[in-house]
Structure formats: C-alpha cells, structure tokens
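Visitor: Contents of my_file_16.txt (compact mmCIF, C-alpha atoms and all ligand atoms):
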# COMPACT_ATOMS: atom_id res chain seq x y z
CA MET A 1 -157.58 -32.48 -48.78
CA LEU A 2 -155.46 -35.59 -48.95
CA LYS A 3 -152.21 -34.93 -50.75
CA PRO A 4 -149.31 -37.25 -51.57
CA ARG A 5 -145.76 -36.24 -50.67
CA GLU A 6 -144.55 -33.46 -52.95
CA SER A 7 -141.86 -35.69 -54.51
CA ILE A 8 -144.58 -38.14 -55.61
CA ALA A 9 -147.02 -35.49 -56.86
CA SER A 10 -144.33 -33.94 -59.04
CA LEU A 11 -143.39 -37.22 -60.77
CA SER A 12 -144.51 -37.47 -64.40
CA PRO A 13 -147.27 -40.07 -64.88
CA CYS A 14 -145.74 -43.53 -65.33
CA HIS A 15 -146.63 -45.15 -68.63
CA SER A 16 -146.19 -48.89 -68.86
CA PRO A 17 -143.62 -49.64 -71.55
CA ILE A 18 -146.00 -52.36 -72.74
CA VAL A 19 -148.41 -50.96 -75.30
CA GLY A 20 -150.57 -53.58 -77.01
CA ARG A 21 -148.14 -56.32 -77.94
CA ASP A 22 -149.21 -56.77 -81.50
CA GLY A 23 -145.95 -58.12 -82.84
CA LEU A 24 -142.61 -59.73 -82.03
CA SER A 25 -141.53 -57.96 -78.82
CA LEU A 26 -137.99 -56.78 -79.38
CA ASP A 27 -138.60 -53.66 -77.32
CA LEU A 28 -138.07 -54.76 -73.70
CA ASN A 29 -134.91 -56.90 -73.76
CA GLU A 30 -136.71 -60.03 -72.68
CA SER A 31 -135.57 -63.50 -73.68
CA MET A 32 -137.06 -64.51 -77.01
CA ALA A 33 -135.93 -68.10 -76.34
CA GLY A 34 -138.40 -68.54 -73.47
CA CYS A 35 -137.04 -70.28 -70.40
CA SER A 36 -135.42 -73.59 -69.51
CA PRO A 37 -137.64 -76.63 -70.13
CA ARG A 38 -136.58 -77.78 -66.67
CA VAL A 39 -138.21 -74.68 -65.20
CA LEU A 40 -141.40 -75.36 -67.17
CA ALA A 41 -141.46 -78.96 -65.94
CA ARG A 42 -141.06 -77.78 -62.34
CA LEU A 43 -143.88 -75.26 -62.85
CA ARG A 44 -146.16 -78.02 -64.08
CA SER A 45 -145.36 -80.14 -61.03
CA LEU A 46 -146.25 -77.49 -58.44
CA SER A 47 -148.39 -78.83 -55.63
CA ALA A 48 -151.34 -77.02 -54.05
CA ALA A 49 -149.38 -76.65 -50.81
CA GLU A 50 -146.55 -74.91 -52.65
CA ILE A 51 -149.04 -72.29 -53.72
CA SER A 52 -151.20 -72.01 -50.61
CA LEU A 53 -148.35 -71.50 -48.14
CA TYR A 54 -146.35 -68.31 -47.73
CA PRO A 55 -143.00 -68.40 -49.56
CA GLU A 56 -139.69 -69.04 -47.82
CA ARG A 57 -137.30 -66.57 -49.36
CA GLU A 58 -134.36 -67.73 -47.24
CA VAL A 59 -134.21 -71.09 -48.99
CA GLY A 60 -133.76 -69.28 -52.31
CA GLU A 61 -131.18 -66.96 -50.77
CA ARG A 62 -129.06 -69.92 -49.73
CA LEU A 63 -129.26 -71.37 -53.25
CA ILE A 64 -128.24 -68.08 -54.83
CA ALA A 65 -125.45 -67.49 -52.30
CA ASN A 66 -124.03 -70.89 -53.11
CA PHE A 67 -124.30 -70.24 -56.86
CA LEU A 68 -122.64 -66.81 -56.63
CA GLY A 69 -120.00 -67.84 -54.08
CA VAL A 70 -121.03 -65.37 -51.39
CA ALA A 71 -122.50 -65.82 -47.89
CA PRO A 72 -126.32 -66.10 -47.58
CA GLU A 73 -126.21 -62.99 -45.35
CA GLN A 74 -124.94 -61.08 -48.37
CA VAL A 75 -127.97 -61.91 -50.50
CA LEU A 76 -131.42 -60.36 -50.63
CA LEU A 77 -133.93 -61.76 -53.10
CA THR A 78 -136.39 -59.27 -54.53
CA ASN A 79 -139.44 -59.01 -56.78
CA GLY A 80 -137.41 -58.41 -59.90
CA MET A 81 -134.35 -56.17 -59.81
CA ASP A 82 -136.62 -53.15 -59.88
CA GLU A 83 -137.57 -53.89 -56.29
CA ALA A 84 -133.91 -54.26 -55.33
CA LEU A 85 -133.28 -50.78 -56.73
CA SER A 86 -136.24 -49.40 -54.83
CA LEU A 87 -135.07 -50.94 -51.52
CA LEU A 88 -131.49 -49.83 -52.01
CA PHE A 89 -132.40 -46.26 -52.89
CA THR A 90 -134.88 -46.03 -49.99
CA THR A 91 -132.25 -47.28 -47.55
CA TYR A 92 -129.63 -44.69 -48.39
CA LEU A 93 -131.31 -41.70 -50.04
CA GLY A 94 -133.06 -39.15 -47.86
CA ALA A 95 -134.67 -35.96 -49.09
CA GLY A 96 -131.94 -33.69 -50.46
CA ASP A 97 -129.30 -36.44 -50.60
CA GLU A 98 -127.64 -36.91 -53.96
CA LEU A 99 -128.21 -39.74 -56.39
CA LEU A 100 -125.45 -39.72 -58.99
CA PHE A 101 -125.44 -41.44 -62.39
CA ALA A 102 -124.52 -40.80 -66.00
CA ASP A 103 -126.96 -40.59 -68.91
CA PRO A 104 -127.96 -42.44 -70.93
CA THR A 105 -128.86 -45.24 -68.56
CA PHE A 106 -131.69 -47.28 -67.10
CA VAL A 107 -134.79 -45.10 -66.76
CA MET A 108 -135.73 -46.41 -63.30
CA TYR A 109 -132.81 -44.66 -61.58
CA PRO A 110 -134.09 -41.06 -61.97
CA MET A 111 -137.68 -42.11 -61.34
CA LEU A 112 -136.85 -43.74 -57.99
CA GLY A 113 -134.50 -40.93 -56.96
CA GLU A 114 -137.13 -38.30 -57.67
CA ALA A 115 -139.83 -40.26 -55.83
CA LEU A 116 -137.64 -40.21 -52.72
CA GLY A 117 -137.11 -36.47 -52.96
CA ALA A 118 -133.39 -36.94 -53.58
CA LYS A 119 -131.34 -34.50 -55.61
CA VAL A 120 -130.86 -36.32 -58.89
CA VAL A 121 -127.44 -35.49 -60.32
CA ARG A 122 -127.27 -36.63 -63.96
CA LEU A 123 -124.03 -36.35 -65.90
CA GLN A 124 -124.00 -36.69 -69.66
CA SER A 125 -121.77 -39.18 -71.46
CA GLY A 126 -119.91 -37.96 -74.55
CA GLU A 127 -120.68 -38.88 -78.18
CA ASP A 128 -119.35 -42.42 -77.62
CA LEU A 129 -121.90 -42.84 -74.78
CA ALA A 130 -119.19 -44.47 -72.64
CA LEU A 131 -119.27 -44.03 -68.85
CA PRO A 132 -117.74 -40.58 -68.14
CA VAL A 133 -115.52 -41.86 -65.34
CA ALA A 134 -113.50 -38.69 -64.72
CA ASN A 135 -116.67 -36.55 -64.55
CA LEU A 136 -118.32 -39.00 -62.17
CA LEU A 137 -115.27 -38.98 -59.90
CA ALA A 138 -115.18 -35.20 -59.96
CA ARG A 139 -118.86 -34.88 -59.12
CA ILE A 140 -118.83 -37.07 -55.98
CA SER A 141 -119.72 -34.86 -53.02
CA PRO A 142 -120.25 -35.39 -49.27
CA ARG A 143 -123.99 -35.50 -50.08
CA THR A 144 -123.64 -38.31 -52.64
CA ARG A 145 -125.37 -41.33 -51.07
CA VAL A 146 -126.07 -43.55 -54.09
CA ILE A 147 -124.16 -43.95 -57.36
CA ALA A 148 -125.93 -46.17 -59.90
CA ILE A 149 -124.13 -47.78 -62.83
CA ALA A 150 -125.61 -50.37 -65.16
CA ASN A 151 -122.80 -52.60 -66.41
CA PRO A 152 -123.30 -53.45 -69.22
CA ASN A 153 -125.40 -50.37 -69.67
CA ASN A 154 -128.96 -50.10 -70.94
CA PRO A 155 -129.66 -48.66 -73.55
CA THR A 156 -126.10 -48.62 -74.96
CA GLY A 157 -124.96 -52.20 -74.30
CA LEU A 158 -121.52 -50.82 -73.37
CA VAL A 159 -119.30 -52.16 -70.59
CA ALA A 160 -117.20 -50.01 -68.26
CA GLN A 161 -113.75 -51.04 -67.08
CA ARG A 162 -113.78 -52.92 -63.79
CA ALA A 163 -110.85 -50.80 -62.53
CA ASP A 164 -112.87 -47.62 -63.20
CA LEU A 165 -115.88 -48.92 -61.29
CA LEU A 166 -113.66 -49.81 -58.33
CA LYS A 167 -112.08 -46.35 -58.49
CA ILE A 168 -115.57 -44.86 -58.15
CA ALA A 169 -116.42 -47.16 -55.21
CA GLU A 170 -113.18 -46.18 -53.49
CA ALA A 171 -113.71 -42.47 -54.09
CA ALA A 172 -117.16 -42.54 -52.46
CA PRO A 173 -116.86 -44.59 -49.26
CA ASP A 174 -119.98 -42.95 -47.80
CA ALA A 175 -122.13 -43.75 -50.82
CA ALA A 176 -123.80 -46.99 -51.89
CA VAL A 177 -122.27 -47.83 -55.26
CA LEU A 178 -124.64 -50.03 -57.23
CA VAL A 179 -123.35 -52.05 -60.15
CA ASP A 180 -126.46 -53.24 -61.96
CA GLU A 181 -125.50 -56.47 -63.72
CA ALA A 182 -128.86 -57.21 -65.36
CA TYR A 183 -127.08 -58.32 -68.56
CA VAL A 184 -123.97 -59.90 -67.03
CA GLU A 185 -124.51 -63.32 -68.64
CA PHE A 186 -124.14 -61.76 -72.10
CA CYS A 187 -120.82 -60.13 -71.23
CA GLY A 188 -119.18 -62.26 -68.55
CA GLU A 189 -117.54 -59.46 -66.51
CA THR A 190 -118.68 -59.17 -62.91
CA LEU A 191 -117.71 -57.21 -59.83
CA LEU A 192 -118.91 -59.94 -57.48
CA PRO A 193 -115.34 -60.90 -56.44
CA ASP A 194 -114.76 -57.28 -55.43
CA LEU A 195 -117.56 -57.16 -52.86
CA ALA A 196 -115.30 -58.50 -50.10
CA ARG A 197 -112.92 -55.53 -50.32
CA HIS A 198 -115.51 -52.81 -50.90
CA PRO A 199 -118.09 -52.53 -48.11
CA ASN A 200 -120.05 -49.84 -49.99
CA LEU A 201 -120.32 -51.85 -53.23
CA PHE A 202 -123.54 -53.64 -54.27
CA VAL A 203 -124.02 -55.95 -57.24
CA ALA A 204 -127.56 -56.59 -58.51
CA ARG A 205 -128.73 -59.38 -60.81
CA THR A 206 -131.98 -60.44 -62.45
CA PHE A 207 -133.57 -63.61 -63.79
CA SER A 208 -135.53 -61.55 -66.34
CA LYS A 209 -132.93 -61.62 -69.12
CA ALA A 210 -130.66 -64.63 -69.81
CA TYR A 211 -132.82 -66.96 -67.68
CA GLY A 212 -136.03 -65.88 -69.44
CA LEU A 213 -138.08 -65.46 -66.26
CA ALA A 214 -139.20 -61.82 -66.56
CA GLY A 215 -142.82 -62.76 -65.83
CA LEU A 216 -141.95 -64.58 -62.62
CA ARG A 217 -140.08 -61.57 -61.21
CA LEU A 218 -136.84 -62.44 -59.42
CA GLY A 219 -134.00 -60.08 -58.63
CA VAL A 220 -130.91 -60.44 -56.46
CA LEU A 221 -129.08 -57.82 -54.45
CA THR A 222 -125.66 -58.67 -53.01
CA GLY A 223 -123.37 -56.56 -50.89
CA ALA A 224 -121.65 -56.48 -47.51
CA ALA A 225 -123.62 -58.56 -44.98
CA GLU A 226 -123.99 -55.59 -42.65
CA GLN A 227 -125.49 -53.39 -45.36
CA ILE A 228 -127.80 -56.13 -46.66
CA SER A 229 -129.06 -56.56 -43.08
CA TYR A 230 -130.36 -52.96 -43.15
CA LEU A 231 -132.30 -53.60 -46.36
CA ARG A 232 -133.66 -56.84 -44.95
CA ARG A 233 -135.14 -54.93 -42.01
CA PHE A 234 -137.80 -53.32 -44.12
CA SER A 235 -138.06 -55.52 -47.19
CA LEU A 236 -141.51 -57.12 -47.17
CA PRO A 237 -141.11 -60.70 -45.86
CA PHE A 238 -143.10 -62.28 -48.71
CA ASN A 239 -141.91 -60.09 -51.57
CA VAL A 240 -140.75 -63.07 -53.66
CA ASN A 241 -143.46 -65.56 -54.63
CA SER A 242 -143.37 -69.30 -53.97
CA VAL A 243 -143.70 -70.17 -57.67
CA VAL A 244 -140.41 -68.60 -58.68
CA LEU A 245 -138.71 -69.90 -55.53
CA ALA A 246 -139.85 -73.43 -56.42
CA CYS A 247 -138.31 -73.03 -59.91
CA LEU A 248 -135.04 -71.51 -58.79
CA GLU A 249 -133.07 -74.71 -58.30
CA GLU A 250 -133.91 -75.92 -61.83
CA ALA A 251 -133.20 -72.50 -63.33
CA LEU A 252 -129.73 -72.43 -61.75
CA ALA A 253 -129.03 -76.07 -62.57
CA ASP A 254 -129.78 -75.64 -66.27
CA GLN A 255 -126.71 -73.63 -67.18
CA THR A 256 -126.71 -75.39 -70.56
CA PHE A 257 -129.91 -73.50 -71.42
CA VAL A 258 -128.34 -70.19 -70.34
CA ARG A 259 -125.10 -70.86 -72.25
CA ASP A 260 -126.91 -71.87 -75.45
CA HIS A 261 -129.18 -68.85 -75.25
CA VAL A 262 -126.25 -66.49 -74.66
CA ALA A 263 -124.38 -68.03 -77.63
CA GLN A 264 -127.42 -67.48 -79.87
CA VAL A 265 -127.80 -63.89 -78.70
CA LYS A 266 -124.12 -63.20 -79.44
CA GLN A 267 -124.59 -64.50 -82.98
CA GLY A 268 -127.78 -62.47 -83.38
CA ARG A 269 -126.12 -59.24 -82.27
CA GLU A 270 -123.26 -59.93 -84.69
CA ARG A 271 -125.78 -60.27 -87.51
CA LEU A 272 -127.36 -56.96 -86.50
CA ALA A 273 -123.93 -55.32 -86.35
CA ARG A 274 -123.02 -56.58 -89.85
CA LEU A 275 -126.31 -55.31 -91.26
CA PHE A 276 -125.89 -51.88 -89.66
CA ASP A 277 -122.35 -51.69 -91.07
CA GLU A 278 -123.65 -52.59 -94.51
CA LEU A 279 -126.43 -49.98 -94.27
CA GLY A 280 -123.99 -47.34 -92.99
CA LEU A 281 -125.84 -46.91 -89.70
CA HIS A 282 -123.94 -46.03 -86.53
CA PHE A 283 -124.42 -48.51 -83.67
CA TRP A 284 -122.79 -49.21 -80.33
CA PRO A 285 -120.88 -52.52 -79.86
CA SER A 286 -123.13 -54.37 -77.44
CA GLN A 287 -122.32 -56.82 -74.66
CA THR A 288 -126.02 -57.43 -73.94
CA ASN A 289 -129.08 -58.97 -75.60
CA PHE A 290 -129.87 -55.79 -77.55
CA VAL A 291 -128.21 -53.31 -79.88
CA LEU A 292 -128.61 -49.52 -79.96
CA VAL A 293 -128.51 -48.02 -83.45
CA ARG A 294 -128.72 -44.42 -84.62
CA ILE A 295 -131.45 -44.14 -87.26
CA GLY A 296 -131.58 -40.34 -87.24
CA ALA A 297 -134.48 -37.96 -87.66
CA SER A 298 -136.72 -40.73 -88.98
CA ALA A 299 -136.38 -42.92 -85.86
CA LYS A 300 -140.05 -42.59 -84.96
CA ARG A 301 -141.09 -43.53 -88.50
CA PHE A 302 -138.65 -46.46 -88.40
CA VAL A 303 -140.31 -47.80 -85.22
CA GLU A 304 -143.76 -47.43 -86.79
CA SER A 305 -142.72 -49.05 -90.01
CA MET A 306 -141.12 -51.98 -88.13
CA ARG A 307 -144.37 -52.36 -86.18
CA ARG A 308 -146.30 -52.58 -89.44
CA ARG A 309 -143.97 -55.42 -90.37
CA GLY A 310 -144.77 -57.16 -87.08
CA VAL A 311 -141.64 -56.22 -85.11
CA LEU A 312 -141.75 -54.03 -81.99
CA VAL A 313 -138.54 -52.10 -81.30
CA ARG A 314 -137.84 -49.34 -78.78
CA ASP A 315 -137.50 -45.67 -79.71
CA SER A 316 -134.72 -44.54 -77.34
CA SER A 317 -134.78 -40.92 -78.49
CA GLY A 318 -136.06 -39.78 -75.08
CA ASN A 319 -132.91 -41.07 -73.40
CA PRO A 320 -130.38 -38.19 -73.12
CA GLY A 321 -127.66 -38.56 -75.76
CA CYS A 322 -129.72 -41.09 -77.75
CA GLU A 323 -131.62 -38.72 -80.02
CA GLY A 324 -132.65 -40.59 -83.17
CA CYS A 325 -131.66 -43.95 -81.67
CA VAL A 326 -133.58 -47.19 -81.61
CA ARG A 327 -132.90 -50.18 -79.33
CA ILE A 328 -133.50 -53.64 -80.75
CA THR A 329 -133.57 -56.81 -78.65
CA VAL A 330 -131.93 -59.84 -80.26
CA GLY A 331 -134.40 -62.58 -81.18
CA THR A 332 -133.92 -66.27 -81.93
CA PRO A 333 -132.03 -67.17 -85.15
CA SER A 334 -135.24 -67.78 -87.11
CA GLN A 335 -136.84 -64.59 -85.78
CA MET A 336 -133.69 -62.69 -86.76
CA ASP A 337 -134.07 -63.75 -90.40
CA GLY A 338 -137.36 -61.83 -90.53
CA VAL A 339 -136.09 -58.96 -88.37
CA LEU A 340 -133.06 -58.32 -90.61
CA GLN A 341 -135.31 -58.40 -93.65
CA ALA A 342 -137.75 -55.96 -91.99
CA ILE A 343 -134.87 -53.58 -91.13
CA ARG A 344 -133.56 -53.72 -94.71
CA GLU A 345 -136.98 -52.96 -96.16
CA THR A 346 -137.70 -50.20 -93.65
CA ILE A 347 -134.38 -48.44 -94.30
CA ALA A 348 -134.75 -48.84 -98.08
CA GLU A 349 -138.25 -47.35 -97.86
CA SER A 350 -136.97 -44.36 -95.87
CA ARG A 351 -134.20 -43.70 -98.45
CA ARG A 352 -136.46 -43.79 -101.46
C1 LIG A 401 -130.22 -52.22 -66.53
C2 LIG A 401 -131.45 -52.87 -65.98
N1 LIG A 401 -131.58 -53.01 -64.67
C3 LIG A 401 -132.68 -53.57 -64.14
C4 LIG A 401 -133.72 -54.01 -64.93
C5 LIG A 401 -134.96 -54.55 -64.27
O1 LIG A 401 -135.01 -55.93 -64.26
P1 LIG A 401 -136.18 -56.72 -63.55
O2 LIG A 401 -137.02 -57.31 -64.62
O3 LIG A 401 -135.46 -57.78 -62.75
O4 LIG A 401 -136.94 -55.79 -62.65
C6 LIG A 401 -133.63 -53.87 -66.31
C7 LIG A 401 -134.75 -54.30 -67.17
O5 LIG A 401 -134.85 -54.01 -68.33
C8 LIG A 401 -132.48 -53.28 -66.86
O6 LIG A 401 -132.35 -53.08 -68.19
What would you get if you wrote out this structure as structure tokens?
Guide:
Amino acid sequence: MLKPRESIASLSPCHSPIVGRDGLSLDLNESMAGCSPRVLARLRSLSAAEISLYPEREVGERLIANFLGVAPEQVLLTNGMDEALSLLFTTYLGAGDELLFADPTFVMYPMLGEALGAKVVRLQSGEDLALPVANLLARISPRTRVIAIANPNNPTGLVAQRADLLKIAEAAPDAAVLVDEAYVEFCGETLLPDLARHPNLFVARTFSKAYGLAGLRLGVLTGAAEQISYLRRFSLPFNVNSVVLACLEEALADQTFVRDHVAQVKQGRERLARLFDELGLHFWPSQTNFVLVRIGASAKRFVESMRRRGVLVRDSSGNPGCEGCVRITVGTPSQMDGVLQAIRETIAESRR
C-alpha cells in the first residue's frame, strides 16, 4: 500500500486558519488598509502577454536587491514568506537534525520542521514571553542546523535585541539562523546590515503585511550569496507569479502608502493598549500590526462574542505560554472605533 513518509503521516491535519470570513478579519494580521492605489492601477493595466508568459523572477530580485541594498545574488523571491521558510528548512534540515526556536512563535516553524523529520527543539519563554536568549544559547548543539526567530515575534509583537540575535548567529556558525522580519515595517529594526559579517544569517521579508499584498503572495529571503545559491538550485523556477512581479515596482515606489499605513497602525495599537490598561487586561507592548492580550479563562467566549459583533479575532490559547490570550490585528481608524466598542461591550458582558 502506498504510504507517505512517516514524518508526513504523523503530522496533525492542517486546518486553514480561514474559517468562513463572516466579519471584519482581525485574526490573520493582514492589512486592513488594502494596498497602494498604484499597485491597483498597475493590476488594471496588465496586458494579456504579461499573464500568458512565464514570469521572470530575476527582474524582481534585482528590484528588491536595489531596494534593500544587497546584491541580487543575495535575494531569492518566494511565493509568500511561507515558501521561503520551506525552502530554507529543506536546504539545511535533514532527518534527525535539530530545529531550534522558542515558544510562543510562528506556528509554521514546528510544522515544517516536523514534516522534514527534524528533531524540533522548542524552548519556552518566561512569563514576559521575551526571547529566552540565554536558554537558546545554551541549547545550541552540533546537531542544530536551523534556528528560527521571528523579530518582531508573532503572536507577542515583541522585539529582541539586535545584539542578542547576533550573539546567537555567532554561537551557531554551522546553523542557518533565520530572522523572520515579516513585521519589520511596523518596528523599524532590521538585521539586514549584519548579513555581510554573518555568513549563516538569513533575513526574510514579506509583502503580506505593511504592503497589503497577502493575496498576491510574495516573500523575500536574503542571506550570503553562496547560501542563497543552494536554495536557488531547487526552488521552482516559476514559483512567483507574473502578476505580483508586474506590481512590484509600484509597490516599492509607493513608500508614502506604507508610511501612512504604518503610522495608522501605530495609532491603532496605542488605542488598543489604552483600552486594555483601562480594562485592567494584561497585554504585550507590540511593535507589529497586532496586539496580544490576556483575556483569561473566558478567551474562547470572548472570541465568540466578538464574532457575534462582527469582529474576527484570533484565540492564541493553543500557542505555548499564551493560555487565555487573544491576538487582535489593528484595523483602520474608523474600524477601530467599532472594534474598541465591541471589546468594551464584550468585556462588560463577561463581568456581569
Ligand atoms: C512571523 C511570520 N512569518 C511569516 C509569515 C508568512 O507570511 P507570508 O504571507 O508571506 O507567507 C507570517 C504570516 O502571518 C508571520 O506572522
């Protein structure tokens, strides 16, 4: 009988995080501001030939390299950052090799590690949910081949110190150290300038968040040219579609859109923070487009009650260390008026 590899068969069934979007989607950290009008205009001007011909990823890689200030050989474009993670993990993690990360973090890391048959080494952050740097350093072993760190982190929104991340990269020269900068635009701190001095360091980016292009799927992996050349060897040549490649120049050019969106998100997360303070709810100071808040034992009911009020938020209780926590994406200013009201009502209802 046909059987998949054991590491695939033993994975838990993957459930799409999208379950009937019957409300304002503040559960997946997408942009609620849409995307740049310049991108929309470019989409509307697409020619038939731009769609019927295979895409030229290299043109996009040169644009991104120029934008990020690295060499084109250091850039691999991918079908969303998820694909970058998959390629990176497949390149360095063999069966029995160790994938190291700290919980709570992005749920794709353990899933990909397990699929590859790697030994998934998960450390737990303390109460503050900050990156447990000393524990990570202590747990690096000769078998550690990938260390994954989201910075800022999802679901906490917290940022680690750049010096700590570099310490980790230096302590594990035989491991690929991935700094996942999916939310970098909302925080401003990047390790890109450190790539030159750390040949085992990778920085990944996405157009799904601040650029509002989650549906078009575009991710970026940067690292030492030699390492990126290994990933390029087996990345599918047409992994990135011609539609998003055609829009890339406009997306990068419209930094005003990105800046305005980021400014709005920062105000929105401040409003959430003030409300949580007022309601006496513990939350983590976020440098992203979402905020994690501890609701407590009634977290599930909170999510349901928010849904009834037309707002979808994410129950993060399943993420280790986040029991009773809910993650809320920041919406536009007018959406936030309703969201804050819905939170107030929901909490009042639960305290009655
Ligand atoms: C930390 C982190 N990394 C990567 C991704 C995946 O991004 P993409 O849409 O580019 O696959 C996400 C998406 O939520 C994320 O939160």
Visitor: So, counting all atoms listed in the file, which residue among A:Ala246, A:Ala182, A:Ala299, A:Val291 is closest to Ile347 in chain A?
Guide: A:Ala299
Visitor: Write out as a PyMOL selection string each polymer residue whose atoms come within 9 Å of Ile64 in chain A, counting only C-alpha atoms; drop sequence neighbours fewer than 2 positions from it.
Guide: chain A and resi 59-62+66-70+72+75+77+220+248-249+252
Visitor: Give me, please, the distance in Å between CA of Arg122 in chain A and CA of Arg197 in chain A, quoted to one decimal.
Guide: 27.4 Å
Visitor: Give the centre and edge lengths of an axis-aligned box, in Å to one decimal, that holds all listed atoms of ligand LIG 401 (chain A) with 4 Å on each side, as JSON.
Guide:
{"center_x": -133.6, "center_y": -55.0, "center_z": -65.5, "size_x": 14.8, "size_y": 13.6, "size_z": 13.7}
Visitor: Restricting the calculation to all atoms listed in the file, which member of A:Glu278, A:Glu226, A:Asp180, A:Asp164 is positioned closest to Thr105 in chain A?
Guide: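 Under the stated criterion, the closest residue is A:Asp180.
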Visitor: Mind checking which residues fall within 12 Å of Ser12 in chain A, counting only C-alpha atoms, ignoring those fewer than 5 positions away in the same chain, and posting them as a list in words?
Guide: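 Counting only C-alpha atoms, the residues come to Ser7, Pro110, Met111, Leu112, Glu114 and Ala115 of chain A.
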Visitor: Residues of chain A within 7 Å of ligand LIG 401 (chain A): nearest atom pair and distance (Å, one decimal) for each, counting only C-alpha atoms and all ligand atoms, sorted by chain and number, as a tab-separated table?
Guide:
residue	atom	partner	partner_atom	distance
A:Leu28	CA	A:LIG401	O5	6.3
A:Asn29	CA	A:LIG401	O5	6.2
A:Gly80	CA	A:LIG401	O3	3.5
A:Met81	CA	A:LIG401	O3	3.5
A:Asp82	CA	A:LIG401	O4	3.8
A:Glu83	CA	A:LIG401	O4	6.7
A:Phe106	CA	A:LIG401	C1	5.2
A:Ala150	CA	A:LIG401	C1	5.2
A:Asn153	CA	A:LIG401	C1	6.0
A:Asn154	CA	A:LIG401	C1	5.1
A:Asp180	CA	A:LIG401	N1	5.8
A:Glu181	CA	A:LIG401	C1	6.9
A:Ala182	CA	A:LIG401	N1	5.1
A:Thr206	CA	A:LIG401	O3	4.4
A:Phe207	CA	A:LIG401	O3	6.2
A:Ser208	CA	A:LIG401	O2	4.8
A:Ala214	CA	A:LIG401	O2	5.4
A:Arg217	CA	A:LIG401	O3	6.2
A:Leu218	CA	A:LIG401	O3	5.9
A:Gly219	CA	A:LIG401	O3	4.9
Visitor: Would you mind exporting C-alpha atoms of the selected residues as a PDB file, in the frame of the given file?
Guide:
ATOM      1  CA  LEU A  28    -138.070 -54.760 -73.700  1.00  0.00           C
ATOM      2  CA  ASN A  29    -134.910 -56.900 -73.760  1.00  0.00           C
ATOM      3  CA  GLY A  80    -137.410 -58.410 -59.900  1.00  0.00           C
ATOM      4  CA  MET A  81    -134.350 -56.170 -59.810  1.00  0.00           C
ATOM      5  CA  ASP A  82    -136.620 -53.150 -59.880  1.00  0.00           C
ATOM      6  CA  GLU A  83    -137.570 -53.890 -56.290  1.00  0.00           C
ATOM      7  CA  PHE A 106    -131.690 -47.280 -67.100  1.00  0.00           C
ATOM      8  CA  ALA A 150    -125.610 -50.370 -65.160  1.00  0.00           C
ATOM      9  CA  ASN A 153    -125.400 -50.370 -69.670  1.00  0.00           C
ATOM     10  CA  ASN A 154    -128.960 -50.100 -70.940  1.00  0.00           C
ATOM     11  CA  ASP A 180    -126.460 -53.240 -61.960  1.00  0.00           C
ATOM     12  CA  GLU A 181    -125.500 -56.470 -63.720  1.00  0.00           C
ATOM     13  CA  ALA A 182    -128.860 -57.210 -65.360  1.00  0.00           C
ATOM     14  CA  THR A 206    -131.980 -60.440 -62.450  1.00  0.00           C
ATOM     15  CA  PHE A 207    -133.570 -63.610 -63.790  1.00  0.00           C
ATOM     16  CA  SER A 208    -135.530 -61.550 -66.340  1.00  0.00           C
ATOM     17  CA  ALA A 214    -139.200 -61.820 -66.560  1.00  0.00           C
ATOM     18  CA  ARG A 217    -140.080 -61.570 -61.210  1.00  0.00           C
ATOM     19  CA  LEU A 218    -136.840 -62.440 -59.420  1.00  0.00           C
ATOM     20  CA  GLY A 219    -134.000 -60.080 -58.630  1.00  0.00           C
TER      21      GLY A 219
END
Visitor: For a test of reading the model, state the distance in Å between CA of Ala210 in chain A and CA of Val39 in chain A, rounded to one decimal.
Guide: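 These two atoms are separated by 13.4 Å.
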Visitor: Skip Val184 in chain A itself and residues of its chain fewer than 2 positions away, then list as a PyMOL selection string all residues within 9 Å of it, counting all atoms listed in the file.
Guide: chain A and resi 151-152+180-182+186-190+205+210+287-288
Visitor: Using the atoms already present, construct N, CA and C atoms for range 297-308 of chain A and hand them back as a PDB file, in the coordinates of the input.
Guide:
ATOM      1  N   ALA A 297    -133.228 -38.709 -87.836  1.00  0.00           N
ATOM      2  CA  ALA A 297    -134.480 -37.960 -87.660  1.00  0.00           C
ATOM      3  C   ALA A 297    -135.724 -38.823 -87.902  1.00  0.00           C
ATOM      4  N   SER A 298    -135.549 -39.902 -88.664  1.00  0.00           N
ATOM      5  CA  SER A 298    -136.720 -40.730 -88.980  1.00  0.00           C
ATOM      6  C   SER A 298    -136.915 -41.887 -88.001  1.00  0.00           C
ATOM      7  N   ALA A 299    -136.310 -41.799 -86.812  1.00  0.00           N
ATOM      8  CA  ALA A 299    -136.380 -42.920 -85.860  1.00  0.00           C
ATOM      9  C   ALA A 299    -137.823 -43.306 -85.530  1.00  0.00           C
ATOM     10  N   LYS A 300    -138.661 -42.306 -85.322  1.00  0.00           N
ATOM     11  CA  LYS A 300    -140.050 -42.590 -84.960  1.00  0.00           C
ATOM     12  C   LYS A 300    -140.748 -43.344 -86.108  1.00  0.00           C
ATOM     13  N   ARG A 301    -140.494 -42.878 -87.326  1.00  0.00           N
ATOM     14  CA  ARG A 301    -141.090 -43.530 -88.500  1.00  0.00           C
ATOM     15  C   ARG A 301    -140.558 -44.963 -88.652  1.00  0.00           C
ATOM     16  N   PHE A 302    -139.269 -45.130 -88.335  1.00  0.00           N
ATOM     17  CA  PHE A 302    -138.650 -46.460 -88.400  1.00  0.00           C
ATOM     18  C   PHE A 302    -139.385 -47.420 -87.459  1.00  0.00           C
ATOM     19  N   VAL A 303    -139.633 -46.958 -86.218  1.00  0.00           N
ATOM     20  CA  VAL A 303    -140.310 -47.800 -85.220  1.00  0.00           C
ATOM     21  C   VAL A 303    -141.707 -48.172 -85.726  1.00  0.00           C
ATOM     22  N   GLU A 304    -142.396 -47.187 -86.281  1.00  0.00           N
ATOM     23  CA  GLU A 304    -143.760 -47.430 -86.790  1.00  0.00           C
ATOM     24  C   GLU A 304    -143.751 -48.406 -87.953  1.00  0.00           C
ATOM     25  N   SER A 305    -142.786 -48.210 -88.835  1.00  0.00           N
ATOM     26  CA  SER A 305    -142.720 -49.050 -90.010  1.00  0.00           C
ATOM     27  C   SER A 305    -142.333 -50.489 -89.634  1.00  0.00           C
ATOM     28  N   MET A 306    -141.466 -50.640 -88.619  1.00  0.00           N
ATOM     29  CA  MET A 306    -141.120 -51.980 -88.130  1.00  0.00           C
ATOM     30  C   MET A 306    -142.366 -52.627 -87.509  1.00  0.00           C
ATOM     31  N   ARG A 307    -143.144 -51.838 -86.798  1.00  0.00           N
ATOM     32  CA  ARG A 307    -144.370 -52.360 -86.180  1.00  0.00           C
ATOM     33  C   ARG A 307    -145.330 -52.889 -87.263  1.00  0.00           C
ATOM     34  N   ARG A 308    -145.430 -52.122 -88.347  1.00  0.00           N
ATOM     35  CA  ARG A 308    -146.300 -52.580 -89.440  1.00  0.00           C
ATOM     36  C   ARG A 308    -145.816 -53.911 -90.013  1.00  0.00           C
TER      37      ARG A 308
END
